[in-house]
>>> print(open('input-v3.csv').read())   # CSV, C-alpha atoms
chain,number,residue,atom,x,y,z
A,1,MET,CA,9.8,-10.9,-2.9
A,2,ILE,CA,6.4,-10.6,-1.4
A,3,GLU,CA,6.6,-7.8,1.1
A,4,ALA,CA,4.5,-7.8,4.3
A,5,ARG,CA,4.4,-4.9,6.7
A,6,TYR,CA,3.6,-5.4,10.4
A,7,ILE,CA,3.2,-3.5,13.6
A,8,VAL,CA,4.7,-5.6,16.3
A,9,GLU,CA,4.7,-5.2,20.1
A,10,THR,CA,7.3,-7.0,22.2
A,11,PRO,CA,9.4,-6.5,25.4
A,12,LEU,CA,12.3,-8.0,23.6
A,13,ASN,CA,14.6,-6.5,21.0
A,14,PRO,CA,12.4,-5.8,17.9
A,15,GLU,CA,15.2,-6.7,15.5
A,16,LYS,CA,15.5,-10.1,17.1
A,17,VAL,CA,11.8,-10.7,17.1
A,18,ALA,CA,11.6,-9.7,13.4
A,19,ALA,CA,14.2,-12.4,12.6
A,20,ILE,CA,12.2,-14.9,14.6
A,21,MET,CA,9.1,-13.9,12.5
A,22,ALA,CA,11.0,-14.4,9.2
A,23,GLY,CA,12.3,-17.8,10.3
A,24,GLU,CA,9.0,-19.0,11.6
A,25,GLN,CA,7.2,-18.2,8.4
A,26,SER,CA,9.9,-19.6,6.0
A,27,CYS,CA,12.5,-22.4,6.5
A,28,GLY,CA,13.2,-22.0,10.2
A,29,THR,CA,11.8,-23.2,13.5
A,30,PHE,CA,12.9,-22.7,17.1
A,31,THR,CA,16.2,-24.5,16.4
A,32,ARG,CA,18.3,-25.4,13.4
A,33,VAL,CA,17.4,-28.8,12.0
A,34,GLU,CA,19.1,-31.4,9.8
A,35,GLY,CA,19.1,-30.3,6.1
A,36,GLU,CA,18.8,-26.6,6.9
A,37,THR,CA,22.0,-25.6,5.0
A,38,ASP,CA,23.2,-22.1,4.6
A,39,ALA,CA,22.4,-22.4,0.8
A,40,LEU,CA,18.8,-23.4,1.6
A,41,ARG,CA,18.4,-20.6,4.1
A,42,GLU,CA,19.7,-18.1,1.5
A,43,ARG,CA,17.3,-19.4,-1.1
A,44,ALA,CA,14.1,-20.0,0.9
A,45,GLY,CA,14.5,-17.9,4.0
A,46,ALA,CA,12.4,-14.9,4.5
A,47,LYS,CA,14.4,-11.7,4.9
A,48,VAL,CA,13.9,-8.8,7.4
A,49,LEU,CA,13.9,-5.7,5.1
A,50,SER,CA,13.4,-3.1,7.8
A,51,VAL,CA,12.7,-2.5,11.4
A,52,ARG,CA,11.5,1.0,12.6
A,53,ASN,CA,11.2,1.5,16.3
A,54,MET,CA,8.0,3.3,17.4
A,55,GLY,CA,8.6,3.7,21.1
A,56,GLY,CA,7.4,2.0,24.3
A,57,CYS,CA,3.9,1.0,25.2
A,58,PRO,CA,2.0,-1.1,27.7
A,59,PRO,CA,1.5,-4.7,26.6
A,60,SER,CA,-1.7,-5.1,24.7
A,61,LEU,CA,-2.0,-8.9,25.1
A,62,HIS,CA,-0.8,-11.5,27.7
A,63,SER,CA,1.8,-14.0,26.7
A,64,ALA,CA,2.3,-17.1,28.8
A,65,TRP,CA,5.7,-17.7,27.1
A,66,LEU,CA,6.9,-14.2,28.1
A,67,ALA,CA,5.6,-14.7,31.7
A,68,ARG,CA,7.5,-18.0,32.0
A,69,LYS,CA,10.6,-16.1,30.8
A,70,GLY,CA,10.1,-13.4,33.4
A,71,HIS,CA,9.2,-10.6,31.0
A,72,ARG,CA,6.5,-8.6,32.7
A,73,GLY,CA,7.3,-5.0,31.9
A,74,ALA,CA,6.5,-2.6,29.1
A,75,SER,CA,6.7,-3.5,25.4
A,76,ASN,CA,8.2,-1.8,22.5
A,77,ARG,CA,6.3,-1.1,19.3
A,78,ALA,CA,8.0,-1.4,15.9
A,79,GLU,CA,7.1,-1.4,12.2
A,80,VAL,CA,8.6,-4.5,10.6
A,81,VAL,CA,8.8,-5.3,6.9
A,82,ILE,CA,9.6,-8.9,5.8
A,83,GLY,CA,10.2,-10.2,2.4
A,84,PHE,CA,9.0,-13.7,1.5
A,85,PRO,CA,10.4,-15.6,-1.5
A,86,GLU,CA,7.6,-16.1,-4.1
A,87,ALA,CA,8.8,-19.6,-4.8
A,88,ASN,CA,8.0,-20.6,-1.2
A,89,VAL,CA,4.3,-20.0,-1.9
A,90,GLY,CA,3.5,-20.4,-5.6
A,91,ALA,CA,0.2,-19.3,-6.9
A,92,ASN,CA,-1.6,-20.5,-3.8
A,93,LEU,CA,-3.7,-18.0,-2.0
A,94,ALA,CA,-4.5,-20.0,1.1
A,95,THR,CA,-0.8,-20.6,1.6
A,96,LEU,CA,0.0,-17.0,0.9
A,97,ALA,CA,-2.3,-16.0,3.8
A,98,ALA,CA,-0.8,-18.7,6.0
A,99,THR,CA,2.7,-17.4,5.2
A,100,VAL,CA,2.1,-13.7,5.8
A,101,ALA,CA,-0.1,-14.3,8.8
A,102,GLY,CA,-0.5,-17.8,10.1
A,103,ASN,CA,1.3,-18.6,13.3
A,104,LEU,CA,2.7,-15.1,13.7
A,105,PHE,CA,-0.3,-14.1,15.8
A,106,ASP,CA,0.5,-16.8,18.3
A,107,LEU,CA,4.2,-16.1,18.7
A,108,GLY,CA,5.1,-16.1,22.4
A,109,GLU,CA,7.6,-13.2,21.9
A,110,VAL,CA,4.9,-10.7,21.1
A,111,THR,CA,2.3,-8.9,23.0
A,112,GLY,CA,0.7,-7.6,19.8
A,113,LEU,CA,1.0,-8.2,16.1
A,114,ARG,CA,-0.9,-6.8,13.2
A,115,LEU,CA,-0.4,-7.4,9.5
A,116,GLU,CA,-1.0,-4.0,8.0
A,117,ASP,CA,-0.2,-4.1,4.3
A,118,MET,CA,1.3,-6.2,1.5
A,119,ARG,CA,3.2,-5.5,-1.8
A,120,LEU,CA,3.4,-8.0,-4.6
A,121,PRO,CA,5.7,-8.1,-7.6
A,122,ASP,CA,3.7,-7.5,-10.8
A,123,ALA,CA,4.6,-11.0,-12.2
A,124,TYR,CA,3.3,-12.7,-9.1
A,125,ARG,CA,0.1,-10.7,-9.0
A,126,ARG,CA,-0.6,-11.9,-12.6
A,127,ARG,CA,-0.5,-15.5,-11.5
A,128,PHE,CA,-3.9,-14.8,-10.0
A,129,PRO,CA,-7.1,-13.7,-11.8
A,130,LEU,CA,-7.8,-10.1,-12.5
A,131,PRO,CA,-11.3,-9.0,-11.6
A,132,SER,CA,-13.8,-10.0,-14.3
A,133,HIS,CA,-15.6,-6.7,-13.9
A,134,GLY,CA,-13.9,-4.4,-11.4
A,135,VAL,CA,-14.6,-0.6,-11.9
A,136,ALA,CA,-14.8,-0.5,-15.6
A,137,GLY,CA,-16.8,-3.7,-16.1
A,138,THR,CA,-19.3,-2.7,-13.4
A,139,ARG,CA,-19.8,0.6,-15.1
A,140,ALA,CA,-20.3,-1.1,-18.5
A,141,VAL,CA,-23.0,-3.5,-17.2
A,142,THR,CA,-25.0,-0.8,-15.4
A,143,GLY,CA,-24.5,1.8,-18.1
A,144,VAL,CA,-23.1,4.3,-15.5
A,145,ALA,CA,-20.2,5.9,-17.4
A,146,HIS,CA,-19.5,8.7,-14.9
A,147,GLY,CA,-20.2,9.4,-11.3
A,148,PRO,CA,-21.0,7.0,-8.5
A,149,LEU,CA,-23.3,4.0,-8.7
A,150,ILE,CA,-26.3,4.5,-6.4
A,151,GLY,CA,-27.5,1.4,-4.7
A,152,SER,CA,-29.7,0.2,-1.9
A,153,ILE,CA,-30.2,-2.9,0.3
A,154,ILE,CA,-33.3,-5.0,0.6
A,155,LYS,CA,-35.0,-4.0,3.8
A,156,PRO,CA,-36.4,-5.4,6.0
A,157,ASN,CA,-33.3,-7.6,6.2
A,158,VAL,CA,-35.3,-10.9,6.6
A,159,GLY,CA,-38.9,-11.8,6.8
A,160,LEU,CA,-40.2,-10.9,3.3
A,161,SER,CA,-41.4,-13.7,1.0
A,162,ALA,CA,-39.7,-14.2,-2.4
A,163,GLN,CA,-42.6,-12.5,-4.2
A,164,GLU,CA,-42.6,-9.5,-1.7
A,165,ILE,CA,-38.9,-9.1,-2.4
A,166,GLY,CA,-39.6,-9.2,-6.1
A,167,ASP,CA,-42.2,-6.5,-5.7
A,168,LEU,CA,-39.9,-4.4,-3.7
A,169,ALA,CA,-37.1,-4.8,-6.3
A,170,ALA,CA,-39.6,-3.6,-9.0
A,171,ARG,CA,-40.2,-0.4,-6.9
A,172,LEU,CA,-36.5,0.1,-6.3
A,173,CYS,CA,-35.7,-0.3,-10.0
A,174,ALA,CA,-38.4,2.2,-10.9
A,175,SER,CA,-36.9,4.6,-8.3
A,176,GLY,CA,-33.8,5.0,-10.4
A,177,LEU,CA,-31.2,2.8,-8.7
A,178,ASP,CA,-28.2,1.4,-10.4
A,179,PHE,CA,-27.6,-1.4,-7.9
A,180,ILE,CA,-29.5,-3.5,-5.4
A,181,LYS,CA,-28.1,-6.0,-3.0
A,182,ASP,CA,-29.3,-8.6,-0.4
A,183,ASP,CA,-28.5,-8.1,3.2
A,184,GLU,CA,-25.6,-10.3,4.4
A,185,ILE,CA,-27.9,-12.3,6.7
A,186,ALA,CA,-30.4,-13.0,3.9
A,187,ALA,CA,-29.1,-15.9,1.8
A,188,ASN,CA,-31.4,-18.9,1.6
A,189,PRO,CA,-34.1,-18.5,4.4
A,190,ASP,CA,-37.1,-20.8,4.5
A,191,HIS,CA,-39.5,-17.9,3.9
A,192,ALA,CA,-37.7,-16.8,0.8
A,193,PRO,CA,-35.7,-19.6,-0.8
A,194,ILE,CA,-32.9,-18.3,-3.0
A,195,ASP,CA,-34.1,-19.9,-6.2
A,196,ALA,CA,-37.5,-18.4,-5.9
A,197,ARG,CA,-36.0,-15.1,-4.8
A,198,ILE,CA,-33.7,-15.0,-7.8
A,199,ARG,CA,-36.6,-15.7,-10.2
A,200,ALA,CA,-38.9,-13.1,-8.7
A,201,VAL,CA,-36.3,-10.3,-8.5
A,202,MET,CA,-34.9,-11.0,-12.0
A,203,ALA,CA,-38.5,-10.9,-13.4
A,204,ALA,CA,-38.7,-7.4,-12.1
A,205,VAL,CA,-35.2,-6.4,-13.4
A,206,ARG,CA,-36.0,-7.7,-16.8
A,207,ALA,CA,-39.3,-6.0,-17.0
A,208,HIS,CA,-37.6,-2.7,-16.0
A,209,ARG,CA,-34.9,-3.2,-18.6
A,210,ASP,CA,-37.5,-3.9,-21.3
A,211,ARG,CA,-39.3,-0.7,-20.4
A,212,THR,CA,-36.3,1.6,-20.0
A,213,GLY,CA,-33.2,-0.1,-21.4
A,214,LYS,CA,-31.6,0.1,-18.0
A,215,HIS,CA,-30.0,-3.0,-16.4
A,216,VAL,CA,-30.0,-2.8,-12.6
A,217,MET,CA,-27.2,-4.9,-11.1
A,218,VAL,CA,-28.5,-7.1,-8.3
A,219,ALA,CA,-26.1,-8.7,-5.9
A,220,PHE,CA,-27.8,-11.9,-4.8
A,221,ASN,CA,-26.4,-13.3,-1.5
A,222,ILE,CA,-25.4,-16.8,-2.5
A,223,THR,CA,-23.2,-17.4,0.6
A,224,ASP,CA,-23.2,-21.1,1.2
A,225,GLU,CA,-21.0,-24.2,0.6
A,226,THR,CA,-19.2,-24.2,-2.7
A,227,ASP,CA,-21.3,-26.5,-4.8
A,228,ALA,CA,-24.5,-24.6,-3.7
A,229,MET,CA,-22.9,-21.3,-4.6
A,230,ARG,CA,-22.0,-22.5,-8.1
A,231,ARG,CA,-25.6,-23.7,-8.6
A,232,HIS,CA,-27.0,-20.4,-7.5
A,233,ALA,CA,-24.6,-18.5,-9.7
A,234,ASP,CA,-25.7,-20.6,-12.7
A,235,LEU,CA,-29.4,-19.6,-12.0
A,236,ILE,CA,-28.5,-15.9,-11.7
A,237,GLU,CA,-26.8,-16.1,-15.1
A,238,ALA,CA,-29.7,-18.1,-16.6
A,239,GLU,CA,-32.2,-15.4,-15.4
A,240,GLY,CA,-30.1,-12.6,-16.9
A,241,GLY,CA,-28.4,-11.4,-13.7
A,242,SER,CA,-25.0,-9.9,-13.5
A,243,CYS,CA,-23.8,-10.2,-9.8
A,244,ALA,CA,-23.5,-12.4,-6.8
A,245,MET,CA,-22.7,-11.4,-3.3
A,246,VAL,CA,-20.5,-13.5,-1.0
A,247,SER,CA,-19.8,-13.2,2.7
A,248,LEU,CA,-16.0,-13.5,2.2
A,249,ASN,CA,-14.9,-14.3,5.7
A,250,TRP,CA,-17.3,-17.2,6.2
A,251,CYS,CA,-16.9,-18.8,2.7
A,252,GLY,CA,-13.1,-18.6,2.6
A,253,PHE,CA,-10.5,-18.1,-0.1
A,254,SER,CA,-10.9,-21.4,-1.7
A,255,ALA,CA,-14.6,-21.2,-2.2
A,256,VAL,CA,-14.4,-17.7,-3.6
A,257,GLU,CA,-11.6,-18.7,-6.0
A,258,THR,CA,-13.7,-21.7,-7.2
A,259,LEU,CA,-16.7,-19.4,-7.7
A,260,ARG,CA,-14.5,-16.9,-9.6
A,261,ARG,CA,-13.3,-19.7,-12.0
A,262,HIS,CA,-16.9,-21.0,-12.4
A,263,THR,CA,-18.9,-17.8,-13.2
A,264,GLY,CA,-18.6,-14.6,-15.2
A,265,LEU,CA,-20.8,-12.8,-12.7
A,266,ALA,CA,-19.4,-9.8,-10.8
A,267,ILE,CA,-18.5,-10.9,-7.3
A,268,HIS,CA,-19.6,-8.5,-4.6
A,269,GLY,CA,-17.4,-9.1,-1.7
A,270,HIS,CA,-19.1,-8.4,1.7
A,271,ARG,CA,-16.6,-8.3,4.6
A,272,ASN,CA,-19.1,-8.9,7.5
A,273,GLY,CA,-17.1,-10.1,10.5
A,274,TYR,CA,-14.1,-8.1,9.5
A,275,GLY,CA,-14.1,-6.3,12.8
A,276,ALA,CA,-13.0,-9.5,14.5
A,277,PHE,CA,-9.8,-9.4,12.4
A,278,SER,CA,-9.2,-5.7,12.6
A,279,ARG,CA,-10.8,-3.8,15.4
A,280,HIS,CA,-8.1,-4.1,18.0
A,281,PRO,CA,-5.2,-1.8,16.9
A,282,ALA,CA,-2.6,-4.3,18.2
A,283,LEU,CA,-4.0,-7.5,16.7
A,284,GLY,CA,-5.2,-8.9,13.4
A,285,ILE,CA,-5.2,-7.8,9.8
A,286,GLY,CA,-5.5,-4.2,8.5
A,287,PHE,CA,-7.6,-3.5,5.5
A,288,GLY,CA,-4.6,-2.8,3.3
A,289,ALA,CA,-3.4,-6.4,3.5
A,290,TYR,CA,-7.0,-7.8,3.7
A,291,GLN,CA,-8.1,-6.3,0.4
A,292,VAL,CA,-4.9,-7.5,-1.4
A,293,LEU,CA,-5.7,-11.1,-0.4
A,294,TRP,CA,-9.3,-10.9,-1.5
A,295,ARG,CA,-8.5,-9.2,-4.8
A,296,LEU,CA,-6.2,-12.1,-5.6
A,297,ALA,CA,-9.3,-14.3,-5.1
A,298,GLY,CA,-11.0,-12.4,-7.9
A,299,VAL,CA,-13.6,-10.2,-6.2
A,300,ASP,CA,-14.9,-7.1,-8.1
A,301,HIS,CA,-16.4,-5.0,-5.3
A,302,MET,CA,-15.2,-4.6,-1.7
A,303,HIS,CA,-17.1,-3.2,1.2
A,304,VAL,CA,-15.3,-0.4,3.0
A,305,HIS,CA,-18.2,0.8,5.4
A,306,GLY,CA,-19.2,4.5,5.2
A,307,LEU,CA,-18.1,8.0,6.3
A,308,GLY,CA,-19.9,9.3,9.3
A,309,GLY,CA,-21.7,5.9,9.5
A,310,LYS,CA,-22.9,3.6,12.2
A,311,PHE,CA,-19.9,1.4,12.7
A,312,ALA,CA,-16.8,1.8,14.8
A,313,GLN,CA,-14.1,2.6,12.2
A,314,GLU,CA,-12.7,6.1,12.0
A,315,ASP,CA,-13.4,8.0,8.8
A,316,ALA,CA,-9.7,8.0,8.0
A,317,GLU,CA,-9.7,4.2,7.9
A,318,VAL,CA,-12.7,4.1,5.6
A,319,ILE,CA,-11.0,6.6,3.3
A,320,ALA,CA,-7.8,4.6,3.3
A,321,SER,CA,-9.7,1.5,2.5
A,322,ALA,CA,-11.5,3.0,-0.5
A,323,ARG,CA,-8.2,4.4,-1.8
A,324,ALA,CA,-6.6,0.9,-1.4
A,325,CYS,CA,-9.3,-0.7,-3.6
A,326,LEU,CA,-8.8,1.9,-6.3
A,327,THR,CA,-5.0,1.5,-6.3
A,328,PRO,CA,-3.8,-1.0,-8.9
A,329,LEU,CA,-1.8,-4.0,-7.6
A,330,ALA,CA,-0.5,-4.7,-11.1
A,331,LYS,CA,0.3,-2.7,-14.2
A,332,ALA,CA,-3.1,-3.9,-15.6
A,333,ASP,CA,-6.3,-2.3,-14.4
A,334,ASP,CA,-7.2,-4.5,-11.5
A,335,ARG,CA,-9.0,-1.9,-9.4
A,336,VAL,CA,-12.1,-3.0,-7.6
A,337,MET,CA,-15.2,-0.9,-6.8
A,338,PRO,CA,-15.2,0.3,-3.2
A,339,ALA,CA,-18.7,-0.2,-1.8
A,340,PHE,CA,-19.7,2.5,0.8
A,341,SER,CA,-22.6,1.5,3.1
A,342,SER,CA,-23.7,1.7,6.8
A,343,GLY,CA,-25.7,4.7,7.8
A,344,GLN,CA,-25.3,6.5,4.4
A,345,TRP,CA,-27.7,9.1,3.1
A,346,ALA,CA,-27.7,12.3,1.1
A,347,GLY,CA,-25.9,14.2,3.9
A,348,THR,CA,-22.8,11.9,3.8
A,349,VAL,CA,-22.3,12.5,0.0
A,350,PRO,CA,-20.0,15.6,0.3
A,351,GLN,CA,-17.4,14.0,2.6
A,352,THR,CA,-17.5,10.8,0.5
A,353,HIS,CA,-16.8,12.7,-2.7
A,354,ALA,CA,-14.1,14.8,-1.1
A,355,ALA,CA,-12.3,11.7,0.3
A,356,ALA,CA,-12.8,9.1,-2.5
A,357,GLY,CA,-14.0,10.8,-5.7
A,358,SER,CA,-16.8,9.1,-7.6
A,359,ASP,CA,-15.4,5.7,-8.7
A,360,LEU,CA,-17.5,4.0,-6.1
A,361,LEU,CA,-20.7,2.3,-5.1
A,362,PHE,CA,-22.7,4.5,-2.7
A,363,MET,CA,-25.4,2.4,-1.0
A,364,ALA,CA,-28.1,3.5,1.4
A,365,GLY,CA,-30.6,1.3,3.1
A,366,GLY,CA,-32.5,3.5,5.6
A,367,GLY,CA,-31.3,6.6,3.7
A,368,ILE,CA,-33.5,5.5,0.8
A,369,MET,CA,-36.1,3.2,2.3
A,370,ALA,CA,-36.9,5.5,5.3
A,371,HIS,CA,-37.0,8.8,3.3
A,372,PRO,CA,-40.3,10.5,4.2
A,373,GLY,CA,-41.2,10.7,0.5
A,374,GLY,CA,-40.6,7.0,0.0
A,375,PRO,CA,-37.8,5.1,-1.8
A,376,ALA,CA,-38.0,7.1,-5.1
A,377,ALA,CA,-37.6,10.3,-3.2
A,378,GLY,CA,-34.7,8.8,-1.2
A,379,VAL,CA,-32.9,7.9,-4.4
A,380,ALA,CA,-33.6,11.4,-5.8
A,381,SER,CA,-32.2,13.0,-2.7
A,382,ILE,CA,-28.9,11.1,-3.1
A,383,ARG,CA,-28.7,11.8,-6.8
A,384,ASP,CA,-29.4,15.5,-6.2
A,385,ALA,CA,-26.7,15.5,-3.5
A,386,TRP,CA,-24.1,14.0,-5.8
A,387,ASP,CA,-25.1,16.4,-8.7
A,388,ALA,CA,-24.6,19.3,-6.3
A,389,VAL,CA,-21.1,18.2,-5.1
A,390,LEU,CA,-20.0,17.4,-8.6
A,391,ARG,CA,-21.0,21.0,-9.6
A,392,GLY,CA,-19.0,22.3,-6.6
A,393,GLU,CA,-22.1,23.4,-4.7
A,394,THR,CA,-23.1,22.9,-1.1
A,395,LEU,CA,-26.2,20.8,-0.4
A,396,ASP,CA,-28.2,23.6,1.1
A,397,ALA,CA,-27.8,25.8,-2.0
A,398,ALA,CA,-31.4,25.8,-3.3
A,399,PRO,CA,-31.8,22.0,-2.7
A,400,SER,CA,-34.5,20.1,-4.5
A,401,ALA,CA,-37.6,19.0,-2.6
A,402,PRO,CA,-36.3,15.4,-2.0
A,403,LEU,CA,-32.9,16.6,-0.9
A,404,ALA,CA,-34.4,19.3,1.4
A,405,ALA,CA,-36.7,16.6,3.0
A,406,ALA,CA,-33.7,14.3,3.5
A,407,LEU,CA,-31.7,17.1,5.1
A,408,ASP,CA,-34.6,17.9,7.4
A,409,PHE,CA,-35.5,14.3,8.3
A,410,PHE,CA,-32.1,12.7,8.6
A,411,GLY,CA,-30.0,15.7,9.5
>>> encode(input="input-v3.csv", output="structure tokens")
Amino acid sequence: MIEARYIVETPLNPEKVAAIMAGEQSCGTFTRVEGETDALRERAGAKVLSVRNMGGCPPSLHSAWLARKGHRGASNRAEVVIGFPEANVGANLATLAATVAGNLFDLGEVTGLRLEDMRLPDAYRRRFPLPSHGVAGTRAVTGVAHGPLIGSIIKPNVGLSAQEIGDLAARLCASGLDFIKDDEIAANPDHAPIDARIRAVMAAVRAHRDRTGKHVMVAFNITDETDAMRRHADLIEAEGGSCAMVSLNWCGFSAVETLRRHTGLAIHGHRNGYGAFSRHPALGIGFGAYQVLWRLAGVDHMHVHGLGGKFAQEDAEVIASARACLTPLAKADDRVMPAFSSGQWAGTVPQTHAAAGSDLLFMAGGGIMAHPGGPAAGVASIRDAWDAVLRGETLDAAPSAPLAAALDFFG
């Protein structure tokens, strides 16, 4: 059974609504139909595994169906777990998403519905690809055996030419970074076509590797239609690159699955737009379920935002998201690297380590590029902060000059 856990709001009996959900997303509809035998229902019907009442609440959303039925009062909130037969879905990611989510969000009986988490049988998870790199492979490519990977984002987001981006990448490599990525809105702009940008940046990466032996992983934003993404991935590989970034929500499962089959590059999964799915507590898809679906598509890194950052998520949600990425879905090592970003700098290192350890990608844009000593000092400030917390020290215990400057400037 594929288990899906929901938070449901309804003015009706939650057990009855849970049964409607199970029927709607398996062999049932609003009435029994010809051919729907008891044997078929037993074989193919989804099953309500548990319903836990959580108390009354005001309705979060309007339902015309409920209004027509005269239900205008308070709702009840309940946690519902439903089991779906694997045979109904097969190894089909888009249909899995349509099964555990799909029309459920539109059910007239509910005033709120949120898919929170999923659990997969080990044999079913193995019908989908394991990450080609994940945590261990990303460490192997970058040569970072222990501690976090330190990364940055090309800034300004857009406007630089391909050669200017290449020159900036050379400076960032020299500053001591492990990882560089494009911004999510910088994919194939007219002023910096992606083919020219890949060539310019990889020339800098190769020159740095030839000097130092260090390969800096660059996540080139190849977000596009599927054939274009495959062409761009081929160019990255031909130029000696190791990673491609994809805006997951806008490319979709099928495109990312096709890309995974096509290339051996690490796939850096950017979740921009995820707030539209998750920000309302009574509607959408929680990160627990979201990351399961994308891990089945074959991504190697997943964005989780950052602690004390600039976005709306509570720190507890960021922490839970990172831990979900680092929790195996199968008995094999299918962990993916959580990518912390958004308003990160040396001062957010202690809480990040306390919450998620160091199997992570710690990215700072402004926290590196805006450091008063320049990008190299920005990288040094973050490395010094991580060194301090890994030694069990506070950041203000005799900080280095770059770290002291960061604490003064950003703090």
>>> residues_near_point(input="input-v3.csv", point="(14.1, -10.7, 11.0)", cutoff="9 Å", atoms="all atoms listed in the file", output="count of residues only")
19
>>> atom_distance(input="input-v3.csv", atom1="atom CA of A:Gly309", atom2="atom CA of A:Gly147")
21.1 Å
>>> residues_around(input="input-v3.csv", residues="A:Ala401", least_positions_apart="2", cutoff="10 Å", atoms="all atoms listed in the file", output="JSON list (two decimals) with C-alpha atoms, in the frame of the given file")
[["chain", "number", "residue", "atom", "x", "y", "z"],
["A", 373, "GLY", "CA", -41.20, 10.70, 0.50],
["A", 377, "ALA", "CA", -37.60, 10.30, -3.20],
["A", 380, "ALA", "CA", -33.60, 11.40, -5.80],
["A", 381, "SER", "CA", -32.20, 13.00, -2.70],
["A", 384, "ASP", "CA", -29.40, 15.50, -6.20],
["A", 398, "ALA", "CA", -31.40, 25.80, -3.30],
["A", 399, "PRO", "CA", -31.80, 22.00, -2.70],
["A", 403, "LEU", "CA", -32.90, 16.60, -0.90],
["A", 404, "ALA", "CA", -34.40, 19.30, 1.40],
["A", 405, "ALA", "CA", -36.70, 16.60, 3.00],
["A", 406, "ALA", "CA", -33.70, 14.30, 3.50],
["A", 407, "LEU", "CA", -31.70, 17.10, 5.10]]
>>> closest_residue(input="input-v3.csv", among="A:Val389, A:Ala4, A:Ala174, A:Ala39", to="A:His353", atoms="all atoms listed in the file")
A:Val389
>>> closest_residue(input="input-v3.csv", among="A:Arg230, A:His262, A:His371, A:His133", to="A:Arg295", atoms="only C-alpha atoms")
A:His133
>>> closest_residue(input="input-v3.csv", among="A:Ala320, A:Pro402, A:Val349, A:Ala233", to="A:Gly374", atoms="all atoms listed in the file")
A:Pro402
>>> residues_near_point(input="input-v3.csv", point="(12.4, -16.7, 4.3)", cutoff="9 Å", atoms="all atoms listed in the file", output="ChimeraX atom specification")
/A:22-28,41-48,82-85,88
>>> closest_residue(input="input-v3.csv", among="A:Leu265, A:Met245, A:Val299, A:Ala238", to="A:Ala186", atoms="all atoms listed in the file")
A:Met245
>>> atom_distance(input="input-v3.csv", atom1="atom CA of A:Asn188", atom2="atom CA of A:Ala244")
13.2 Å
>>> closest_residue(input="input-v3.csv", among="A:Val135, A:Ala297, A:Ala339, A:Ile153", to="A:Asn92", atoms="all atoms listed in the file")
A:Ala297
>>> closest_residue(input="input-v3.csv", among="A:Ala354, A:Val336, A:Ile382, A:Ala330", to="A:Met369", atoms="only C-alpha atoms")
A:Ile382
>>> atom_distance(input="input-v3.csv", atom1="atom CA of A:Gly137", atom2="atom CA of A:Ala266")
8.5 Å
>>> residues_around(input="input-v3.csv", residues="stretch 6-11 of chain A", least_positions_apart="5", cutoff="6 Å", atoms="only C-alpha atoms", output="PyMOL selection string")
chain A and resi 75-80+110-116
>>> residues_around(input="input-v3.csv", residues="A:Trp345", least_positions_apart="5", cutoff="8 Å", atoms="all atoms listed in the file", output="list in words")
Ala364, Gly366, Gly367, Ile368, Ile382, Ala406 and Phe410 of chain A
>>> residues_around(input="input-v3.csv", residues="A:Gly284", least_positions_apart="2", cutoff="12 Å", atoms="only C-alpha atoms", output="PyMOL selection string")
chain A and resi 6-8+100-106+112-117+274-282+286-290
>>> residues_around(input="input-v3.csv", residues="A:Gly143", least_positions_apart="5", cutoff="9 Å", atoms="only C-alpha atoms", output="compact mmCIF listing (two decimals) with C-alpha atoms, in the frame of the given file")
# COMPACT_ATOMS: atom_id res chain seq x y z
CA THR A 138 -19.30 -2.70 -13.40
CA ASP A 178 -28.20 1.40 -10.40
CA LYS A 214 -31.60 0.10 -18.00
CA HIS A 215 -30.00 -3.00 -16.40
>>> build_atoms(input="input-v3.csv", residues="stretch 278-285 of chain A", atoms="N, CA and C atoms", output="PDB file, in the coordinates of the input")
ATOM      1  N   SER A 278      -9.825  -6.968  12.777  1.00  0.00           N
ATOM      2  CA  SER A 278      -9.200  -5.700  12.600  1.00  0.00           C
ATOM      3  C   SER A 278      -9.409  -4.670  13.737  1.00  0.00           C
ATOM      4  N   ARG A 279     -10.417  -4.865  14.563  1.00  0.00           N
ATOM      5  CA  ARG A 279     -10.800  -3.800  15.400  1.00  0.00           C
ATOM      6  C   ARG A 279      -9.826  -3.396  16.490  1.00  0.00           C
ATOM      7  N   HIS A 280      -9.081  -4.385  17.003  1.00  0.00           N
ATOM      8  CA  HIS A 280      -8.100  -4.100  18.000  1.00  0.00           C
ATOM      9  C   HIS A 280      -6.807  -3.568  17.281  1.00  0.00           C
ATOM     10  N   PRO A 281      -6.298  -2.402  17.654  1.00  0.00           N
ATOM     11  CA  PRO A 281      -5.200  -1.800  16.900  1.00  0.00           C
ATOM     12  C   PRO A 281      -3.876  -2.615  17.035  1.00  0.00           C
ATOM     13  N   ALA A 282      -3.804  -3.559  17.981  1.00  0.00           N
ATOM     14  CA  ALA A 282      -2.600  -4.300  18.200  1.00  0.00           C
ATOM     15  C   ALA A 282      -2.679  -5.755  17.726  1.00  0.00           C
ATOM     16  N   LEU A 283      -3.758  -6.107  17.075  1.00  0.00           N
ATOM     17  CA  LEU A 283      -4.000  -7.500  16.700  1.00  0.00           C
ATOM     18  C   LEU A 283      -4.762  -7.629  15.441  1.00  0.00           C
ATOM     19  N   GLY A 284      -4.360  -8.527  14.557  1.00  0.00           N
ATOM     20  CA  GLY A 284      -5.200  -8.900  13.400  1.00  0.00           C
ATOM     21  C   GLY A 284      -4.633  -8.440  12.084  1.00  0.00           C
ATOM     22  N   ILE A 285      -5.538  -8.083  11.177  1.00  0.00           N
ATOM     23  CA  ILE A 285      -5.200  -7.800   9.800  1.00  0.00           C
ATOM     24  C   ILE A 285      -5.820  -6.456   9.409  1.00  0.00           C
TER      25      ILE A 285
END
